[in-house]
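Q: Here you go, one structure.
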Amino acid sequence: MNKEIVIATNNRGKQKEYLEMLNPIGYMVLTPRDLCVESNPEENGKNYRENSYIKALALSKLVHRPVIADDSGFEVEGLDGFPGLYSSRFADEYGGDYHKAGLALNEKLGDNPNRNAKFHCCICLLEKEDAKPLYFEGDFKGTLLPSWSGDHGFGYDPFFHSEELNLDMGLASDEIKNKVSHRGKALQKLLVYLAIK
Ligand code: ITT
């Protein structure tokens, strides 16, 4: 792959993080919008890998360049991993309002003391439409906060506390988050693969 990466995501938060992580090391990051295409396939896979492949394939067919797609989610242990694969769709039930969605997760959890939670990210690299997809994954472990804290990050970040960093992620700079996050870890693995292939 040359140093151009097309990212199959419409999520502005993800786009920002990829730009911040890849631009400084010389990658040119392109989004569907940069290439004047729209890709919004139905994410009906059974797991993160399948969904990341669905997104990568749909965009690859439109742009005829190597693409990466990321499927990710927020998993609350006391809710058996919910919302997980449905993280985005769960927030949609609250009009995309993550403040309400986070409070709703807390309500579902009730007085269950198990507040362990994690983010998971699966990046799919598809070098061309008929290539074998390659997957790079990462986890970010912490706990679900009872209430909104801070305004940094996106999605469920303000309801997430990292014990490793001793920090609420709504209070963390992108730079700190990207070093330890699920997406940062998955991307590091992808970069190692690209460097040695
Ligand atoms: P694309 O499919 O266009 O990439 P999306 O937002 O629908 O955008 P996903 O299907 O992968 O992406 O949904 C993942 C959801 O999980 C996302 O919308 C957030 O709600 C949440 N999420 C994932 N990574 C996150 C992060 O780093 N911080 C906070 N929330 C995150």
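As shown in the structure tokens, the chain order sets the letters A, B, ...; within each chain, residues go from 1, and ligands are also counted from 1 in the order they appear.
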Assign secondary structure with DSSP using the backbone only, and return the residues of region 93-134 of chain A in alpha helix (DSSP H) as a PyMOL selection string.
A: chain A and resi 98-109
Q: Could you save the residues just selected, with N, CA and C atoms, as a compact mmCIF listing (two decimals), in the first residue's frame?
A:
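In the end it all went to out_15.txt:
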# COMPACT_ATOMS: atom_id res chain seq x y z
N TYR A 98 -25.87 10.92 23.11
CA TYR A 98 -25.08 9.98 23.92
C TYR A 98 -25.23 10.22 25.41
N HIS A 99 -25.65 11.40 25.77
CA HIS A 99 -25.91 11.67 27.18
C HIS A 99 -27.08 10.78 27.63
N LYS A 100 -28.12 10.80 26.81
CA LYS A 100 -29.30 9.98 27.15
C LYS A 100 -28.97 8.49 27.05
N ALA A 101 -28.20 8.12 26.03
CA ALA A 101 -27.87 6.70 25.84
C ALA A 101 -27.04 6.18 27.01
N GLY A 102 -26.09 6.98 27.48
CA GLY A 102 -25.26 6.56 28.62
C GLY A 102 -26.09 6.42 29.89
N LEU A 103 -27.00 7.34 30.09
CA LEU A 103 -27.87 7.25 31.28
C LEU A 103 -28.76 6.01 31.17
N ALA A 104 -29.21 5.72 29.94
CA ALA A 104 -30.06 4.54 29.73
C ALA A 104 -29.29 3.25 30.04
N LEU A 105 -27.99 3.22 29.71
CA LEU A 105 -27.18 2.04 30.04
C LEU A 105 -27.11 1.88 31.56
N ASN A 106 -26.93 3.01 32.25
CA ASN A 106 -26.88 2.97 33.71
C ASN A 106 -28.20 2.48 34.30
N GLU A 107 -29.28 2.90 33.70
CA GLU A 107 -30.60 2.49 34.18
C GLU A 107 -30.78 0.98 33.99
N LYS A 108 -30.33 0.49 32.82
CA LYS A 108 -30.42 -0.95 32.57
C LYS A 108 -29.58 -1.74 33.57
N LEU A 109 -28.44 -1.17 33.94
CA LEU A 109 -27.53 -1.85 34.85
C LEU A 109 -28.11 -1.89 36.27
Q: Residues of chain A within 6 Å of ligand 1: nearest atom pair and distance (Å, one decimal) for each, counting only C-alpha atoms and all ligand atoms, sorted by chain and number, as JSON lines?
A:
{"residue": "A:Thr9", "atom": "CA", "partner": "ligand 1", "partner_atom_place_in_ligand_line": "3 (O)", "distance": 3.6}
{"residue": "A:Asn10", "atom": "CA", "partner": "ligand 1", "partner_atom_place_in_ligand_line": "3 (O)", "distance": 3.7}
{"residue": "A:Asn11", "atom": "CA", "partner": "ligand 1", "partner_atom_place_in_ligand_line": "8 (O)", "distance": 4.3}
{"residue": "A:Asp70", "atom": "CA", "partner": "ligand 1", "partner_atom_place_in_ligand_line": "4 (O)", "distance": 5.8}
{"residue": "A:Asp71", "atom": "CA", "partner": "ligand 1", "partner_atom_place_in_ligand_line": "11 (O)", "distance": 3.5}
{"residue": "A:Ser72", "atom": "CA", "partner": "ligand 1", "partner_atom_place_in_ligand_line": "11 (O)", "distance": 4.0}
{"residue": "A:Gly73", "atom": "CA", "partner": "ligand 1", "partner_atom_place_in_ligand_line": "16 (O)", "distance": 3.8}
{"residue": "A:Phe74", "atom": "CA", "partner": "ligand 1", "partner_atom_place_in_ligand_line": "16 (O)", "distance": 5.6}
{"residue": "A:Ser87", "atom": "CA", "partner": "ligand 1", "partner_atom_place_in_ligand_line": "16 (O)", "distance": 4.7}
{"residue": "A:Ser88", "atom": "CA", "partner": "ligand 1", "partner_atom_place_in_ligand_line": "18 (O)", "distance": 3.9}
{"residue": "A:Phe154", "atom": "CA", "partner": "ligand 1", "partner_atom_place_in_ligand_line": "29 (C)", "distance": 4.9}
{"residue": "A:Gly155", "atom": "CA", "partner": "ligand 1", "partner_atom_place_in_ligand_line": "30 (N)", "distance": 3.7}
{"residue": "A:Tyr156", "atom": "CA", "partner": "ligand 1", "partner_atom_place_in_ligand_line": "29 (C)", "distance": 4.2}
{"residue": "A:Asp157", "atom": "CA", "partner": "ligand 1", "partner_atom_place_in_ligand_line": "29 (C)", "distance": 4.3}
Q: For those residues, write N, CA, C and O atoms to a file as a JSON list (two decimals), in the first residue's frame.
A:
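Below is the file that was written, again20.json:
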[["chain", "number", "residue", "atom", "x", "y", "z"],
["A", 9, "THR", "N", -15.54, 5.23, 6.79],
["A", 9, "THR", "CA", -16.40, 5.58, 7.93],
["A", 9, "THR", "C", -17.06, 6.93, 7.69],
["A", 9, "THR", "O", -16.46, 7.82, 7.10],
["A", 10, "ASN", "N", -18.29, 7.04, 8.17],
["A", 10, "ASN", "CA", -18.98, 8.33, 8.13],
["A", 10, "ASN", "C", -18.96, 9.00, 9.49],
["A", 10, "ASN", "O", -19.53, 10.07, 9.67],
["A", 11, "ASN", "N", -18.33, 8.34, 10.47],
["A", 11, "ASN", "CA", -18.31, 8.85, 11.83],
["A", 11, "ASN", "C", -17.20, 9.89, 11.96],
["A", 11, "ASN", "O", -16.01, 9.59, 11.82],
["A", 70, "ASP", "N", -13.58, 0.42, 10.05],
["A", 70, "ASP", "CA", -13.52, 0.01, 11.47],
["A", 70, "ASP", "C", -14.92, -0.21, 11.99],
["A", 70, "ASP", "O", -15.80, 0.61, 11.80],
["A", 71, "ASP", "N", -15.11, -1.37, 12.59],
["A", 71, "ASP", "CA", -16.35, -1.59, 13.33],
["A", 71, "ASP", "C", -15.96, -1.68, 14.79],
["A", 71, "ASP", "O", -15.02, -2.38, 15.16],
["A", 72, "SER", "N", -16.68, -0.94, 15.61],
["A", 72, "SER", "CA", -16.29, -0.87, 17.01],
["A", 72, "SER", "C", -17.54, -0.85, 17.88],
["A", 72, "SER", "O", -18.66, -0.70, 17.38],
["A", 73, "GLY", "N", -17.33, -0.95, 19.18],
["A", 73, "GLY", "CA", -18.48, -0.93, 20.08],
["A", 73, "GLY", "C", -18.05, -0.81, 21.52],
["A", 73, "GLY", "O", -16.87, -0.97, 21.86],
["A", 74, "PHE", "N", -19.05, -0.53, 22.35],
["A", 74, "PHE", "CA", -18.86, -0.32, 23.79],
["A", 74, "PHE", "C", -19.59, -1.45, 24.52],
["A", 74, "PHE", "O", -20.80, -1.63, 24.31],
["A", 87, "SER", "N", -23.91, -0.60, 19.47],
["A", 87, "SER", "CA", -23.61, 0.66, 20.18],
["A", 87, "SER", "C", -24.16, 1.88, 19.46],
["A", 87, "SER", "O", -24.75, 2.77, 20.08],
["A", 88, "SER", "N", -23.97, 1.91, 18.15],
["A", 88, "SER", "CA", -24.45, 3.06, 17.39],
["A", 88, "SER", "C", -25.98, 3.03, 17.31],
["A", 88, "SER", "O", -26.64, 4.06, 17.53],
["A", 154, "PHE", "N", -15.76, 11.27, 21.66],
["A", 154, "PHE", "CA", -17.08, 11.20, 21.01],
["A", 154, "PHE", "C", -17.82, 9.99, 21.56],
["A", 154, "PHE", "O", -17.29, 9.24, 22.39],
["A", 155, "GLY", "N", -19.03, 9.80, 21.09],
["A", 155, "GLY", "CA", -19.81, 8.61, 21.48],
["A", 155, "GLY", "C", -19.88, 8.43, 22.99],
["A", 155, "GLY", "O", -20.22, 9.36, 23.73],
["A", 156, "TYR", "N", -19.53, 7.23, 23.47],
["A", 156, "TYR", "CA", -19.67, 6.89, 24.89],
["A", 156, "TYR", "C", -18.47, 7.35, 25.73],
["A", 156, "TYR", "O", -18.44, 7.07, 26.94],
["A", 157, "ASP", "N", -17.50, 8.02, 25.14],
["A", 157, "ASP", "CA", -16.30, 8.42, 25.89],
["A", 157, "ASP", "C", -16.61, 9.10, 27.23],
["A", 157, "ASP", "O", -15.99, 8.79, 28.25]]
Q: Could you tell me which of A:Ala195, A:Leu59, A:Cys36, A:Val67 comes closest to Val6 (chain A) if we count only C-alpha atoms?
A: A:Val67
Q: Name all residues at most 9 Å from Lys189 (chain A) (count only C-alpha atoms; drop same-chain ones fewer than 6 positions away) and give them as an MDAnalysis selection string.
A: chainID A and resid 136:138
Q: List the neighbours of Glu50 (chain A) out to 10 Å using only C-alpha atoms; skip same-chain residues closer than 6 positions along the sequence, and give me the result as a PyMOL selection string.
A: chain A and resi 43-44+56+71+122+124
Q: Save the residues we just selected, all heavy atoms, as an mmCIF file, in the first residue's frame?
A:
data_model
loop_
_atom_site.group_PDB
_atom_site.id
_atom_site.type_symbol
_atom_site.label_atom_id
_atom_site.label_comp_id
_atom_site.auth_asym_id
_atom_site.auth_seq_id
_atom_site.Cartn_x
_atom_site.Cartn_y
_atom_site.Cartn_z
ATOM 1 N N GLU A 43 -25.264 -2.702 8.065
ATOM 2 C CA GLU A 43 -24.279 -3.443 8.882
ATOM 3 C C GLU A 43 -24.981 -4.632 9.517
ATOM 4 O O GLU A 43 -25.308 -4.636 10.696
ATOM 5 C CB GLU A 43 -23.672 -2.503 9.924
ATOM 6 C CG GLU A 43 -22.859 -1.390 9.273
ATOM 7 C CD GLU A 43 -22.272 -0.401 10.262
ATOM 8 O OE1 GLU A 43 -21.978 -0.781 11.411
ATOM 9 O OE2 GLU A 43 -22.100 0.764 9.872
ATOM 10 N N ASN A 44 -25.205 -5.649 8.690
ATOM 11 C CA ASN A 44 -25.979 -6.791 9.195
ATOM 12 C C ASN A 44 -25.119 -8.019 9.478
ATOM 13 O O ASN A 44 -25.592 -9.140 9.454
ATOM 14 C CB ASN A 44 -27.126 -7.123 8.225
ATOM 15 C CG ASN A 44 -26.615 -7.337 6.813
ATOM 16 O OD1 ASN A 44 -25.395 -7.386 6.622
ATOM 17 N ND2 ASN A 44 -27.497 -7.476 5.844
ATOM 18 N N ALA A 56 -15.808 -2.137 4.417
ATOM 19 C CA ALA A 56 -14.616 -2.013 3.557
ATOM 20 C C ALA A 56 -14.967 -2.391 2.115
ATOM 21 O O ALA A 56 -14.582 -1.694 1.164
ATOM 22 C CB ALA A 56 -13.494 -2.904 4.091
ATOM 23 N N ASP A 71 -15.112 -1.371 12.590
ATOM 24 C CA ASP A 71 -16.352 -1.590 13.328
ATOM 25 C C ASP A 71 -15.963 -1.681 14.794
ATOM 26 O O ASP A 71 -15.020 -2.378 15.159
ATOM 27 C CB ASP A 71 -17.074 -2.857 12.872
ATOM 28 C CG ASP A 71 -18.539 -2.802 13.289
ATOM 29 O OD1 ASP A 71 -19.225 -1.823 12.918
ATOM 30 O OD2 ASP A 71 -19.003 -3.698 14.017
ATOM 31 N N CYS A 122 -12.348 -3.323 15.579
ATOM 32 C CA CYS A 122 -11.815 -4.231 14.568
ATOM 33 C C CYS A 122 -11.636 -3.442 13.272
ATOM 34 O O CYS A 122 -12.598 -2.907 12.723
ATOM 35 C CB CYS A 122 -12.791 -5.384 14.336
ATOM 36 S SG CYS A 122 -12.292 -6.440 12.961
ATOM 37 N N CYS A 124 -10.649 -3.568 9.369
ATOM 38 C CA CYS A 124 -10.490 -4.467 8.219
ATOM 39 C C CYS A 124 -9.706 -3.726 7.136
ATOM 40 O O CYS A 124 -10.078 -2.624 6.740
ATOM 41 C CB CYS A 124 -11.870 -4.862 7.681
ATOM 42 S SG CYS A 124 -11.801 -5.784 6.127
#
Q: Which residue out of A:Leu194, A:Ala91, A:Ile54, A:Ala117 has the minimum interatomic distance to Glu129 (chain A) when only C-alpha atoms are used?
A: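 Ranking A:Leu194, A:Ala91, A:Ile54, A:Ala117 by distance to Glu129 (chain A), first place goes to A:Ile54.
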Q: Please produce, as CSV, a per-residue contact table for region 32-148 of chain A versus region 163-176 of chain A (criterion: any atom at most 8 Å away, only C-alpha atoms considered), showing the nearest atom pair and its distance in Å to one decimal, sorted by chain then residue number.
A:
residue,atom,partner,partner_atom,distance
A:Gly142,CA,A:Glu163,CA,5.8
A:Thr143,CA,A:Glu163,CA,7.7
A:Trp148,CA,A:Gly170,CA,7.9
Q: So that I have them on file, write out the residues from the current selection with N, CA, C and O atoms, as a CSV table (one decimal), in the first residue's frame.
A:
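Below you can see result_8.csv, which holds the result:
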chain,number,residue,atom,x,y,z
A,142,GLY,N,-12.0,-0.5,30.9
A,142,GLY,CA,-12.2,0.5,32.0
A,142,GLY,C,-13.6,0.2,32.7
A,142,GLY,O,-14.0,-1.0,32.8
A,143,THR,N,-14.2,1.3,33.1
A,143,THR,CA,-15.5,1.1,33.8
A,143,THR,C,-16.5,2.1,33.2
A,143,THR,O,-16.2,3.2,32.7
A,148,TRP,N,-22.3,11.6,33.0
A,148,TRP,CA,-21.5,12.2,32.0
A,148,TRP,C,-20.3,13.0,32.6
A,148,TRP,O,-20.5,13.7,33.5
Q: If you measure from CA of Ser52 (chain A) to CA of Ala69 (chain A), what distance in Å do you get, rounded to one decimal?
A: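 Between these atoms lies a distance of 5.4 Å.
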Q: Using backbone DSSP assignments, extract all strand (DSSP E or B) residues from region 7-189 of chain A; output them as a VMD selection string.
A: chain A and resid 7 28 to 30 67 to 76 82 to 84 116 to 126 134 to 144 160 to 162 167 to 168
